[in-house]
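What's in work_4.pdb: PDB, C-alpha atoms
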```
MODEL        1
ATOM      1  CA  MET I   1      -4.595 -33.298  34.162
ATOM      2  CA  ALA I   2      -1.132 -33.775  32.766
ATOM      3  CA  GLN I   3      -2.179 -34.059  29.137
ATOM      4  CA  PRO I   4      -4.396 -31.340  27.699
ATOM      5  CA  ALA I   5      -6.577 -32.768  24.927
ATOM      6  CA  ILE I   6      -5.891 -29.959  22.485
ATOM      7  CA  PRO I   7      -4.773 -31.093  19.046
ATOM      8  CA  VAL I   8      -1.899 -29.219  17.372
ATOM      9  CA  SER I   9      -3.808 -28.794  14.094
ATOM     10  CA  ARG I  10      -4.343 -25.047  14.587
ATOM     11  CA  PRO I  11      -1.260 -23.519  16.202
ATOM     12  CA  LEU I  12      -1.862 -20.212  17.991
ATOM     13  CA  PRO I  13       0.702 -17.585  17.005
ATOM     14  CA  VAL I  14       3.450 -16.783  19.505
ATOM     15  CA  THR I  15       4.304 -13.064  19.616
ATOM     16  CA  ILE I  16       7.615 -11.818  18.206
ATOM     17  CA  PRO I  17       9.453  -9.593  20.737
ATOM     18  CA  VAL I  18       9.512  -5.913  19.709
ATOM     19  CA  ARG I  19      13.291  -5.668  20.207
ATOM     20  CA  GLU I  20      13.669  -8.391  17.588
ATOM     21  CA  ILE I  21      11.384  -6.601  15.099
ATOM     22  CA  LEU I  22      12.925  -3.113  15.429
ATOM     23  CA  PRO I  23      16.212  -3.547  13.494
ATOM     24  CA  TRP I  24      14.314  -5.228  10.653
ATOM     25  CA  ALA I  25      11.678  -2.485  10.752
ATOM     26  CA  ILE I  26      14.358   0.188  10.297
ATOM     27  CA  PHE I  27      15.991  -1.769   7.468
ATOM     28  CA  ALA I  28      12.657  -2.335   5.665
ATOM     29  CA  ALA I  29      11.635   1.297   6.151
ATOM     30  CA  VAL I  30      14.863   2.642   4.600
ATOM     31  CA  VAL I  31      14.788   0.263   1.612
ATOM     32  CA  GLY I  32      11.018   0.658   1.135
ATOM     33  CA  LEU I  33      11.077   4.471   1.286
ATOM     34  CA  ILE I  34      13.827   4.635  -1.352
ATOM     35  CA  LEU I  35      11.795   2.356  -3.631
ATOM     36  CA  VAL I  36       8.557   4.325  -3.102
ATOM     37  CA  TYR I  37      10.450   7.597  -3.687
ATOM     38  CA  PHE I  38      11.582   6.510  -7.151
ATOM     39  CA  VAL I  39       8.094   5.350  -8.157
ATOM     40  CA  GLY I  40       6.177   8.191  -6.505
ATOM     41  CA  ALA I  41       8.210  11.380  -6.514
ATOM     42  CA  GLU I  42      11.596  11.317  -8.355
ATOM     43  CA  GLN I  43      11.785  13.925 -11.170
ATOM     44  CA  GLY I  44       8.393  15.251 -10.161
ATOM     45  CA  ALA I  45       8.353  17.478  -7.122
ATOM     46  CA  THR I  46      12.092  17.007  -6.624
ATOM     47  CA  HIS I  47      14.929  15.094  -8.240
ATOM     48  CA  LEU I  48      18.174  13.279  -7.466
ATOM     49  CA  ILE I  49      18.882  12.426 -11.109
ATOM     50  CA  SER I  50      18.549  15.215 -13.702
ATOM     51  CA  GLY I  51      16.256  14.907 -16.703
ATOM     52  CA  HIS I  52      12.836  13.297 -17.054
ATOM     53  CA  THR I  53      13.629   9.695 -17.994
ATOM     54  CA  VAL I  54      12.754   8.119 -14.609
ATOM     55  CA  HIS I  55       9.552  10.189 -14.450
ATOM     56  CA  GLU I  56       8.537   9.223 -17.991
ATOM     57  CA  PHE I  57       9.400   5.539 -17.487
ATOM     58  CA  VAL I  58       7.241   5.073 -14.359
ATOM     59  CA  HIS I  59       4.692   7.671 -15.623
ATOM     60  CA  ASP I  60       1.618   5.405 -15.939
ATOM     61  CA  GLY I  61       2.308   3.590 -12.680
ATOM     62  CA  ARG I  62       2.732   6.870 -10.817
ATOM     63  CA  HIS I  63      -0.660   8.093 -12.083
ATOM     64  CA  LEU I  64      -2.489   4.829 -11.421
ATOM     65  CA  LEU I  65      -1.003   4.284  -7.948
ATOM     66  CA  GLY I  66      -2.427   7.674  -6.984
ATOM     67  CA  PHE I  67       0.696   9.852  -6.730
ATOM     68  CA  PRO I  68       0.686  13.389  -8.128
ATOM     69  CA  CYS I  69       2.679  13.090 -11.375
ATOM     70  CA  HIS I  70       2.844  16.497 -13.068
TER      71      HIS I  70
ATOM     72  CA  MET T   1       7.763 -18.511  15.889
ATOM     73  CA  PRO T   2       8.661 -17.272  12.379
ATOM     74  CA  THR T   3      11.986 -15.481  11.982
ATOM     75  CA  MET T   4      11.989 -11.814  10.946
ATOM     76  CA  ARG T   5      14.230 -12.531   7.980
ATOM     77  CA  ALA T   6      11.793 -15.139   6.628
ATOM     78  CA  LEU T   7       8.826 -12.774   7.112
ATOM     79  CA  LEU T   8      10.527  -9.856   5.334
ATOM     80  CA  VAL T   9      11.619 -12.008   2.382
ATOM     81  CA  ARG T  10       8.133 -13.542   2.172
ATOM     82  CA  GLY T  11       6.545 -10.070   2.267
ATOM     83  CA  MET T  12       8.681  -8.686  -0.550
ATOM     84  CA  LEU T  13       8.174 -11.775  -2.768
ATOM     85  CA  VAL T  14       4.426 -11.716  -2.134
ATOM     86  CA  GLY T  15       4.490  -7.997  -3.039
ATOM     87  CA  LEU T  16       6.062  -8.844  -6.403
ATOM     88  CA  ALA T  17       3.395 -11.499  -7.086
ATOM     89  CA  ALA T  18       0.648  -9.040  -6.090
ATOM     90  CA  ALA T  19       2.119  -6.466  -8.501
ATOM     91  CA  LEU T  20       1.701  -8.914 -11.398
ATOM     92  CA  LEU T  21      -2.020  -9.240 -10.560
ATOM     93  CA  ALA T  22      -2.331  -5.461 -10.156
ATOM     94  CA  TYR T  23      -0.778  -5.076 -13.621
ATOM     95  CA  VAL T  24      -3.713  -6.997 -15.141
ATOM     96  CA  VAL T  25      -6.146  -4.461 -13.610
ATOM     97  CA  ALA T  26      -3.921  -1.525 -14.576
ATOM     98  CA  TRP T  27      -3.701  -2.770 -18.179
ATOM     99  CA  PHE T  28      -7.385  -3.504 -18.761
ATOM    100  CA  ALA T  29      -9.033  -0.834 -16.565
ATOM    101  CA  GLY T  30      -6.434   1.922 -16.171
ATOM    102  CA  GLU T  31      -4.616   2.208 -19.482
ATOM    103  CA  PRO T  32      -7.686   3.097 -21.608
ATOM    104  CA  GLN T  33      -8.314   6.072 -19.270
ATOM    105  CA  VAL T  34      -4.668   7.160 -19.374
ATOM    106  CA  ALA T  35      -4.753   6.958 -23.182
ATOM    107  CA  ALA T  36      -7.961   9.020 -23.332
ATOM    108  CA  ALA T  37      -6.449  11.655 -21.026
ATOM    109  CA  ILE T  38      -3.248  11.841 -23.079
ATOM    110  CA  SER T  39      -5.221  12.417 -26.288
ATOM    111  CA  ILE T  40      -7.039  15.292 -24.553
ATOM    112  CA  GLU T  41      -3.657  16.681 -23.488
ATOM    113  CA  GLU T  42      -2.372  16.470 -27.075
ATOM    114  CA  THR T  43      -5.483  18.060 -28.573
ATOM    115  CA  ARG T  44      -5.188  20.930 -26.117
ATOM    116  CA  ALA T  45      -1.481  21.402 -26.848
ATOM    117  CA  ALA T  46      -2.182  21.426 -30.593
ATOM    118  CA  ALA T  47      -4.996  23.988 -30.152
ATOM    119  CA  THR T  48      -2.735  26.406 -28.260
ATOM    120  CA  GLY T  49       0.003  25.935 -30.856
ATOM    121  CA  GLU T  50       2.402  24.527 -28.264
ATOM    122  CA  ALA T  51       5.356  22.613 -29.717
ATOM    123  CA  ALA T  52       5.108  18.873 -28.973
ATOM    124  CA  GLU T  53       7.483  17.745 -26.226
ATOM    125  CA  PRO T  54      10.202  15.320 -27.317
ATOM    126  CA  GLU T  55       9.148  11.785 -26.386
ATOM    127  CA  LEU T  56      11.821  10.442 -24.009
ATOM    128  CA  VAL T  57      10.038   7.143 -23.401
ATOM    129  CA  SER T  58       7.599   5.832 -26.011
ATOM    130  CA  ARG T  59       3.966   5.197 -25.055
ATOM    131  CA  ILE T  60       4.318   1.474 -25.616
ATOM    132  CA  VAL T  61       7.251   1.294 -23.152
ATOM    133  CA  GLN T  62       5.319   3.408 -20.609
ATOM    134  CA  GLU T  63       2.328   1.062 -20.847
ATOM    135  CA  THR T  64       4.304  -2.167 -20.579
ATOM    136  CA  ALA T  65       7.805  -2.234 -19.077
ATOM    137  CA  GLY T  66       7.457   1.148 -17.330
ATOM    138  CA  LEU T  67       4.109   0.419 -15.706
ATOM    139  CA  LEU T  68       5.135  -3.118 -14.750
ATOM    140  CA  THR T  69       8.423  -1.898 -13.236
ATOM    141  CA  ALA T  70       6.636   0.803 -11.236
ATOM    142  CA  LEU T  71       4.135  -1.740  -9.880
ATOM    143  CA  LEU T  72       6.840  -4.319  -9.054
ATOM    144  CA  VAL T  73       9.020  -1.772  -7.222
ATOM    145  CA  TYR T  74       6.021  -0.379  -5.324
ATOM    146  CA  GLY T  75       4.726  -3.911  -4.591
ATOM    147  CA  ALA T  76       8.074  -5.053  -3.182
ATOM    148  CA  ALA T  77       8.221  -1.974  -0.943
ATOM    149  CA  LEU T  78       4.626  -2.453   0.262
ATOM    150  CA  GLY T  79       5.252  -6.163   0.875
ATOM    151  CA  GLY T  80       8.276  -5.260   3.007
ATOM    152  CA  PHE T  81       6.336  -2.677   5.048
ATOM    153  CA  PHE T  82       3.465  -5.150   5.343
ATOM    154  CA  SER T  83       5.668  -7.914   6.776
ATOM    155  CA  ILE T  84       6.928  -5.562   9.526
ATOM    156  CA  ALA T  85       3.376  -4.509  10.443
ATOM    157  CA  TYR T  86       2.390  -8.173  10.396
ATOM    158  CA  ALA T  87       5.244  -9.061  12.760
ATOM    159  CA  PHE T  88       3.932  -6.520  15.300
ATOM    160  CA  ALA T  89       0.354  -7.828  14.944
ATOM    161  CA  HIS T  90       1.208 -11.561  14.974
ATOM    162  CA  GLY T  91      -0.121 -13.063  18.216
ATOM    163  CA  ARG T  92      -1.205  -9.631  19.485
ATOM    164  CA  LEU T  93      -4.716  -9.532  17.954
ATOM    165  CA  GLY T  94      -6.581 -11.711  20.420
ATOM    166  CA  ALA T  95      -6.884 -15.289  19.177
ATOM    167  CA  LEU T  96      -6.580 -14.471  15.462
ATOM    168  CA  GLY T  97      -4.497 -16.938  13.456
ATOM    169  CA  ALA T  98      -1.992 -16.091  10.726
ATOM    170  CA  ARG T  99      -4.470 -15.758   7.846
ATOM    171  CA  ALA T 100      -6.947 -13.559   9.731
ATOM    172  CA  THR T 101      -4.111 -11.413  11.154
ATOM    173  CA  ALA T 102      -2.684 -10.880   7.663
ATOM    174  CA  LEU T 103      -6.122  -9.894   6.341
ATOM    175  CA  VAL T 104      -6.666  -7.404   9.192
ATOM    176  CA  VAL T 105      -3.210  -5.847   8.660
ATOM    177  CA  ALA T 106      -3.741  -5.632   4.872
ATOM    178  CA  SER T 107      -7.179  -4.025   5.315
ATOM    179  CA  ALA T 108      -5.814  -1.476   7.777
ATOM    180  CA  GLY T 109      -2.847  -0.764   5.484
ATOM    181  CA  PHE T 110      -5.082  -0.285   2.441
ATOM    182  CA  VAL T 111      -7.315   2.146   4.360
ATOM    183  CA  ALA T 112      -4.409   4.106   5.902
ATOM    184  CA  VAL T 113      -1.969   4.199   2.975
ATOM    185  CA  TYR T 114      -4.402   4.507   0.057
ATOM    186  CA  VAL T 115      -8.112   5.063   0.843
ATOM    187  CA  THR T 116      -7.730   7.778   3.503
ATOM    188  CA  PRO T 117      -5.195   9.936   1.584
ATOM    189  CA  VAL T 118      -7.007   9.704  -1.784
ATOM    190  CA  LEU T 119     -10.393  10.651  -0.315
ATOM    191  CA  LYS T 120      -8.749  14.006   0.439
ATOM    192  CA  TYR T 121      -6.384  14.170  -2.549
ATOM    193  CA  PRO T 122      -7.815  11.946  -5.309
ATOM    194  CA  PRO T 123      -5.529  10.571  -8.033
ATOM    195  CA  ASN T 124      -5.581  12.432 -11.356
ATOM    196  CA  PRO T 125      -4.985  11.299 -14.941
ATOM    197  CA  PRO T 126      -2.621  13.122 -17.324
ATOM    198  CA  ALA T 127      -3.934  16.539 -18.483
ATOM    199  CA  VAL T 128      -5.206  17.281 -14.955
ATOM    200  CA  GLY T 129      -3.039  19.302 -12.610
ATOM    201  CA  ASN T 130      -0.970  22.461 -12.856
ATOM    202  CA  SER T 131       2.754  21.650 -13.116
ATOM    203  CA  ASP T 132       3.598  24.746 -11.042
ATOM    204  CA  THR T 133       1.957  23.216  -7.971
ATOM    205  CA  ILE T 134       3.469  19.708  -8.215
ATOM    206  CA  GLY T 135       5.749  20.337  -5.208
ATOM    207  CA  ARG T 136       2.909  21.432  -2.965
ATOM    208  CA  ARG T 137       0.602  18.632  -4.122
ATOM    209  CA  THR T 138       3.261  15.971  -3.580
ATOM    210  CA  ALA T 139       4.050  17.313  -0.101
ATOM    211  CA  LEU T 140       0.356  17.341   0.864
ATOM    212  CA  HIS T 141      -0.176  13.828  -0.524
ATOM    213  CA  PHE T 142       2.691  12.355   1.523
ATOM    214  CA  THR T 143       1.645  14.399   4.592
ATOM    215  CA  MET T 144      -1.823  12.854   4.350
ATOM    216  CA  ILE T 145      -0.338   9.329   4.168
ATOM    217  CA  LEU T 146       1.841  10.070   7.210
ATOM    218  CA  ILE T 147      -1.123  11.451   9.187
ATOM    219  CA  ALA T 148      -3.245   8.393   8.324
ATOM    220  CA  LEU T 149      -0.455   6.022   9.441
ATOM    221  CA  LEU T 150       0.031   7.913  12.720
ATOM    222  CA  ALA T 151      -3.747   7.922  13.297
ATOM    223  CA  ALA T 152      -3.835   4.158  12.660
ATOM    224  CA  ALA T 153      -0.992   3.608  15.145
ATOM    225  CA  VAL T 154      -2.761   5.724  17.796
ATOM    226  CA  ALA T 155      -6.039   3.875  17.104
ATOM    227  CA  ALA T 156      -4.358   0.456  17.412
ATOM    228  CA  TYR T 157      -2.695   1.499  20.665
ATOM    229  CA  ALA T 158      -5.991   2.845  22.058
ATOM    230  CA  GLY T 159      -7.859  -0.309  21.010
ATOM    231  CA  ARG T 160      -5.355  -2.576  22.720
ATOM    232  CA  ALA T 161      -5.297  -0.459  25.881
ATOM    233  CA  LEU T 162      -9.116  -0.467  26.096
ATOM    234  CA  SER T 163      -9.687  -4.140  25.304
ATOM    235  CA  PRO T 164      -9.353  -5.479  28.899
ATOM    236  CA  ARG T 165     -12.058  -3.022  30.003
ATOM    237  CA  LEU T 166     -14.378  -2.954  26.958
ATOM    238  CA  GLY T 167     -13.768  -6.386  25.491
ATOM    239  CA  GLY T 168     -12.330  -7.046  22.020
ATOM    240  CA  TRP T 169     -15.326  -5.994  19.916
ATOM    241  CA  ASN T 170     -16.069  -2.657  21.591
ATOM    242  CA  ALA T 171     -12.374  -1.831  21.950
ATOM    243  CA  THR T 172     -12.002  -2.321  18.168
ATOM    244  CA  LEU T 173     -14.953   0.020  17.561
ATOM    245  CA  ALA T 174     -13.395   2.571  19.930
ATOM    246  CA  GLY T 175     -10.110   2.322  17.994
ATOM    247  CA  ILE T 176     -11.935   2.907  14.699
ATOM    248  CA  ALA T 177     -13.685   5.941  16.233
ATOM    249  CA  VAL T 178     -10.303   7.376  17.323
ATOM    250  CA  TYR T 179      -9.037   6.896  13.745
ATOM    251  CA  ALA T 180     -12.122   8.564  12.234
ATOM    252  CA  VAL T 181     -11.831  11.604  14.533
ATOM    253  CA  LEU T 182      -8.105  12.120  13.856
ATOM    254  CA  VAL T 183      -8.575  11.747  10.089
ATOM    255  CA  GLY T 184     -11.664  13.982  10.121
ATOM    256  CA  VAL T 185      -9.741  16.777  11.867
ATOM    257  CA  SER T 186      -6.865  16.510   9.368
ATOM    258  CA  TYR T 187      -9.344  16.604   6.439
ATOM    259  CA  ALA T 188     -10.828  19.799   7.857
ATOM    260  CA  VAL T 189      -7.461  21.470   8.493
ATOM    261  CA  LEU T 190      -5.536  20.603   5.303
ATOM    262  CA  PRO T 191      -6.235  22.710   2.193
ATOM    263  CA  ARG T 192      -8.458  21.459  -0.608
ATOM    264  CA  ILE T 193      -6.985  20.984  -4.093
ATOM    265  CA  ASN T 194      -9.021  20.979  -7.286
ATOM    266  CA  GLU T 195      -7.120  21.473 -10.524
ATOM    267  CA  VAL T 196      -9.484  19.549 -12.807
ATOM    268  CA  PRO T 197     -10.137  21.705 -15.909
ATOM    269  CA  GLY T 198     -13.821  22.565 -16.364
ATOM    270  CA  ASP T 199     -13.987  20.872 -19.760
ATOM    271  CA  PHE T 200     -12.302  17.610 -18.719
ATOM    272  CA  PRO T 201     -14.692  14.655 -19.342
ATOM    273  CA  ALA T 202     -16.195  13.513 -16.032
ATOM    274  CA  ASP T 203     -16.479   9.964 -17.334
ATOM    275  CA  THR T 204     -12.729   9.625 -17.993
ATOM    276  CA  LEU T 205     -11.923  11.170 -14.606
ATOM    277  CA  TRP T 206     -14.322   8.813 -12.756
ATOM    278  CA  TRP T 207     -13.098   5.641 -14.457
ATOM    279  CA  PHE T 208      -9.471   6.651 -14.036
ATOM    280  CA  ARG T 209     -10.039   7.035 -10.275
ATOM    281  CA  VAL T 210     -12.007   3.781 -10.048
ATOM    282  CA  SER T 211      -9.233   1.888 -11.845
ATOM    283  CA  SER T 212      -6.593   3.441  -9.570
ATOM    284  CA  PHE T 213      -8.652   2.166  -6.638
ATOM    285  CA  GLY T 214      -8.843  -1.263  -8.303
ATOM    286  CA  VAL T 215      -5.075  -1.445  -8.838
ATOM    287  CA  GLN T 216      -4.372  -0.630  -5.190
ATOM    288  CA  PHE T 217      -7.168  -2.888  -3.923
ATOM    289  CA  VAL T 218      -5.835  -5.922  -5.822
ATOM    290  CA  LEU T 219      -2.300  -5.148  -4.652
ATOM    291  CA  TRP T 220      -3.269  -5.056  -0.961
ATOM    292  CA  ALA T 221      -5.745  -7.938  -1.134
ATOM    293  CA  ALA T 222      -3.229 -10.208  -2.850
ATOM    294  CA  ILE T 223      -0.494  -9.296  -0.348
ATOM    295  CA  GLY T 224      -2.793 -10.011   2.622
ATOM    296  CA  LEU T 225      -4.202 -13.291   1.317
ATOM    297  CA  LEU T 226      -0.948 -14.732  -0.069
ATOM    298  CA  PHE T 227       1.122 -13.716   2.954
ATOM    299  CA  GLY T 228      -1.490 -15.107   5.380
ATOM    300  CA  GLY T 229      -1.806 -18.399   3.521
ATOM    301  CA  LEU T 230       1.951 -18.946   3.288
ATOM    302  CA  THR T 231       2.550 -18.012   6.937
ATOM    303  CA  GLU T 232      -0.266 -20.311   8.115
ATOM    304  CA  ARG T 233       1.280 -23.162   6.127
ATOM    305  CA  SER T 234       4.756 -22.624   7.550
ATOM    306  CA  LEU T 235       3.374 -22.423  11.123
ATOM    307  CA  ARG T 236       1.545 -25.737  10.634
ATOM    308  CA  GLN T 237       4.672 -27.358   9.251
ATOM    309  CA  GLY T 238       6.645 -25.996  12.207
ATOM    310  CA  ALA T 239       4.056 -27.354  14.659
ATOM    311  CA  ARG T 240       4.132 -30.778  12.990
ATOM    312  CA  ALA T 241       7.940 -30.858  13.043
ATOM    313  CA  GLY T 242       7.823 -29.868  16.718
ATOM    314  CA  ALA T 243       5.319 -32.637  17.468
ATOM    315  CA  ARG T 244       7.589 -35.215  15.816
ATOM    316  CA  ALA T 245      10.662 -33.985  17.685
ATOM    317  CA  HIS T 246       8.910 -33.926  21.091
ATOM    318  CA  PRO T 247       6.035 -36.450  20.896
ATOM    319  CA  ALA T 248       5.562 -36.526  24.682
ATOM    320  CA  ALA T 249       4.887 -32.776  24.865
ATOM    321  CA  THR T 250       1.960 -32.796  22.457
ATOM    322  CA  ALA T 251       0.643 -36.377  22.476
TER     323      ALA T 251
ENDMDL
END
```
Whole structure given in structure tokens:
Amino acid sequence: MAQPAIPVSRPLPVTIPVREILPWAIFAAVVGLILVYFVGAEQGATHLISGHTVHEFVHDGRHLLGFPCH
Amino acid sequence: MPTMRALLVRGMLVGLAAALLAYVVAWFAGEPQVAAAISIEETRAAATGEAAEPELVSRIVQETAGLLTALLVYGAALGGFFSIAYAFAHGRLGALGARATALVVASAGFVAVYVTPVLKYPPNPPAVGNSDTIGRRTALHFTMILIALLAAAVAAYAGRALSPRLGGWNATLAGIAVYAVLVGVSYAVLPRINEVPGDFPADTLWWFRVSSFGVQFVLWAAIGLLFGGLTERSLRQGARAGARAHPAATA
């Protein structure tokens, strides 16, 4: 049979090669970890910026997202 | 096949949208508990004659712009991580389509990044926790997240390796069993932390923890459902465009 009778209405996903994902994975991990650090840990356990302003600004979010706050 | 750039951008935008939904839960369910805990903190400070700390950021800013910013930043980061995990899973979970794959990845992420760590180290409202141990508690919290992610990766690898022999269903169960054993061992080995004062109201503590769960649940559910729906739509559009360009191949 030259023509399979399968309609194209539900396309099956084609895999993305791992070597194509890896550089993006590293990029997303670096950016994402910096973002999570500022929400979850800056001016708590450790700090890059002195003072408490970052901690106090994200205070409620840090508590409610489940990170130890103070 | 979707491009990685499109998936990452989609993930981060979906994370921002999910954060807006999570804010609704945080505002209505979480903030009353935070306010109750802060009033306990203030009463206690007044009773011990401690001088009030200078207020760097007002309560109203903490509840609105501060909370929303924290959720948006966290949501964008989660959405980015999610899109990478999705890219690995896409087309590699048997015959699952985009929406089901996204839901599986979001469920696994929610369990590994939030549920597993907080069952060992539950979230606490203000007025709970000794500030001298914040370093140790933060380190243990992130260690638990890392262990759960590694356990999930090992479980996924084991499940895929076993699926030709056991079939998809039993291989998935075997993967879940591997995850449960690894997490169970880490629960037993890592130290327990309980810094809840004896007179802290159990009701406030319970509802604070439930609302934290709700915030994270809505965040992950919205990311999984929105990302899956959008990816499914773009795959269909791609397939239709392909069918128009090469009618002989698909007619």
Once you count all atoms listed in the file, what closest atom pair and distance in Å to one decimal does each residue of chain I within 8 Å of chain T have, with rows by chain and rising residue number, as a Markdown table?
```
| residue | atom | partner | partner_atom | distance |
| --- | --- | --- | --- | --- |
| I:Gln3 | CA | T:Ala251 | CA | 7.6 |
| I:Pro7 | CA | T:Thr250 | CA | 7.7 |
| I:Val8 | CA | T:Ala239 | CA | 6.8 |
| I:Ser9 | CA | T:Arg236 | CA | 7.1 |
| I:Arg10 | CA | T:Arg236 | CA | 7.1 |
| I:Pro11 | CA | T:Arg236 | CA | 6.6 |
| I:Leu12 | CA | T:Gly97 | CA | 6.2 |
| I:Pro13 | CA | T:Gly91 | CA | 4.8 |
| I:Val14 | CA | T:Gly91 | CA | 5.3 |
| I:Thr15 | CA | T:Gly91 | CA | 4.6 |
| I:Ile16 | CA | T:Ala87 | CA | 6.5 |
| I:Val18 | CA | T:Phe88 | CA | 7.1 |
| I:Glu20 | CA | T:Met4 | CA | 7.7 |
| I:Ile21 | CA | T:Met4 | CA | 6.7 |
| I:Trp24 | CA | T:Met4 | CA | 7.0 |
| I:Ala25 | CA | T:Ile84 | CA | 5.8 |
| I:Ala28 | CA | T:Gly80 | CA | 5.9 |
| I:Ala29 | CA | T:Phe81 | CA | 6.7 |
| I:Val31 | CA | T:Ala77 | CA | 7.4 |
| I:Gly32 | CA | T:Ala77 | CA | 4.4 |
| I:Leu33 | CA | T:Ala77 | CA | 7.4 |
| I:Leu35 | CA | T:Val73 | CA | 6.1 |
| I:Val36 | CA | T:Tyr74 | CA | 5.8 |
| I:Val39 | CA | T:Ala70 | CA | 5.7 |
| I:Ala41 | CA | T:Thr138 | CA | 7.4 |
| I:Gly44 | CA | T:Ile134 | CA | 6.9 |
| I:Ala45 | CA | T:Gly135 | CA | 4.3 |
| I:Thr46 | CA | T:Gly135 | CA | 7.3 |
| I:His52 | CA | T:Leu56 | CA | 7.6 |
| I:Thr53 | CA | T:Leu56 | CA | 6.3 |
| I:Glu56 | CA | T:Val57 | CA | 6.0 |
| I:Phe57 | CA | T:Gly66 | CA | 4.8 |
| I:Val58 | CA | T:Gly66 | CA | 4.9 |
| I:His59 | CA | T:Gln62 | CA | 6.6 |
| I:Asp60 | CA | T:Leu67 | CA | 5.6 |
| I:Gly61 | CA | T:Leu67 | CA | 4.7 |
| I:Arg62 | CA | T:Ala70 | CA | 7.2 |
| I:His63 | CA | T:Pro125 | CA | 6.1 |
| I:Leu64 | CA | T:Ser212 | CA | 4.7 |
| I:Leu65 | CA | T:Ser212 | CA | 5.9 |
| I:Gly66 | CA | T:Pro123 | CA | 4.4 |
| I:Phe67 | CA | T:Pro123 | CA | 6.4 |
| I:Pro68 | CA | T:Thr138 | CA | 5.8 |
| I:Cys69 | CA | T:Ile134 | CA | 7.4 |
| I:His70 | CA | T:Ser131 | CA | 5.2 |
```
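Proximity to Val113 (chain T) at 9 Å, evaluated using all atoms listed in the file and with sequence-adjacent residues fewer than 5 positions away removed, yields Ala108, Val118, Met144, Ile145, Leu146, Ala148 and Leu149 of chain T.
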With C-alpha atoms retained, export the selected residues as a compact mmCIF listing (two decimals), in the frame of the given file.
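Listing of selection-v7.txt after writing:
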```txt
# COMPACT_ATOMS: atom_id res chain seq x y z
CA ALA T 108 -5.81 -1.48 7.78
CA VAL T 118 -7.01 9.70 -1.78
CA MET T 144 -1.82 12.85 4.35
CA ILE T 145 -0.34 9.33 4.17
CA LEU T 146 1.84 10.07 7.21
CA ALA T 148 -3.24 8.39 8.32
CA LEU T 149 -0.46 6.02 9.44
```
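Taking CA of Ala155 (chain T) and CA of Trp220 (chain T) as the two end points, the separation is 20.3 Å.
CA of Glu53 (chain T) lies 27.0 Å from CA of Phe28 (chain T).
Look at Pro201 (chain T): the protein and nucleic acid residues within 10 Å of it, using all atoms listed in the file and passing over chain neighbours fewer than 5 places away, are Ala36, Ala37, Ile40, Val196 and Trp206 of chain T.
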- Item | Distance of CA of Gly51 (chain I) from CA of Pro54 (chain T), expressed in Å to one decimal place |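 Taking CA of Pro54 (chain T) and CA of Gly51 (chain I), their separation equals 12.2 Å.
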Can you give me N, CA and C atoms for region 212-223 of chain T, written as a CSV table (one decimal), in the frame of the given file?
```
chain,number,residue,atom,x,y,z
T,212,SER,N,-7.7,3.3,-10.5
T,212,SER,CA,-6.6,3.4,-9.6
T,212,SER,C,-6.9,2.7,-8.3
T,213,PHE,N,-8.2,2.9,-7.8
T,213,PHE,CA,-8.7,2.2,-6.6
T,213,PHE,C,-8.5,0.7,-6.8
T,214,GLY,N,-8.9,0.2,-8.0
T,214,GLY,CA,-8.8,-1.3,-8.3
T,214,GLY,C,-7.4,-1.8,-8.3
T,215,VAL,N,-6.5,-1.0,-8.8
T,215,VAL,CA,-5.1,-1.4,-8.8
T,215,VAL,C,-4.6,-1.6,-7.4
T,216,GLN,N,-4.8,-0.6,-6.6
T,216,GLN,CA,-4.4,-0.6,-5.2
T,216,GLN,C,-5.1,-1.7,-4.4
T,217,PHE,N,-6.4,-1.9,-4.7
T,217,PHE,CA,-7.2,-2.9,-3.9
T,217,PHE,C,-6.6,-4.3,-4.2
T,218,VAL,N,-6.4,-4.6,-5.5
T,218,VAL,CA,-5.8,-5.9,-5.8
T,218,VAL,C,-4.5,-6.1,-5.2
T,219,LEU,N,-3.6,-5.1,-5.2
T,219,LEU,CA,-2.3,-5.1,-4.7
T,219,LEU,C,-2.4,-5.5,-3.2
T,220,TRP,N,-3.2,-4.8,-2.4
T,220,TRP,CA,-3.3,-5.1,-1.0
T,220,TRP,C,-3.9,-6.4,-0.6
T,221,ALA,N,-5.0,-6.7,-1.4
T,221,ALA,CA,-5.7,-7.9,-1.1
T,221,ALA,C,-4.8,-9.1,-1.4
T,222,ALA,N,-4.1,-9.1,-2.5
T,222,ALA,CA,-3.2,-10.2,-2.8
T,222,ALA,C,-2.1,-10.4,-1.8
T,223,ILE,N,-1.6,-9.2,-1.4
T,223,ILE,CA,-0.5,-9.3,-0.3
T,223,ILE,C,-1.0,-10.0,0.9
```
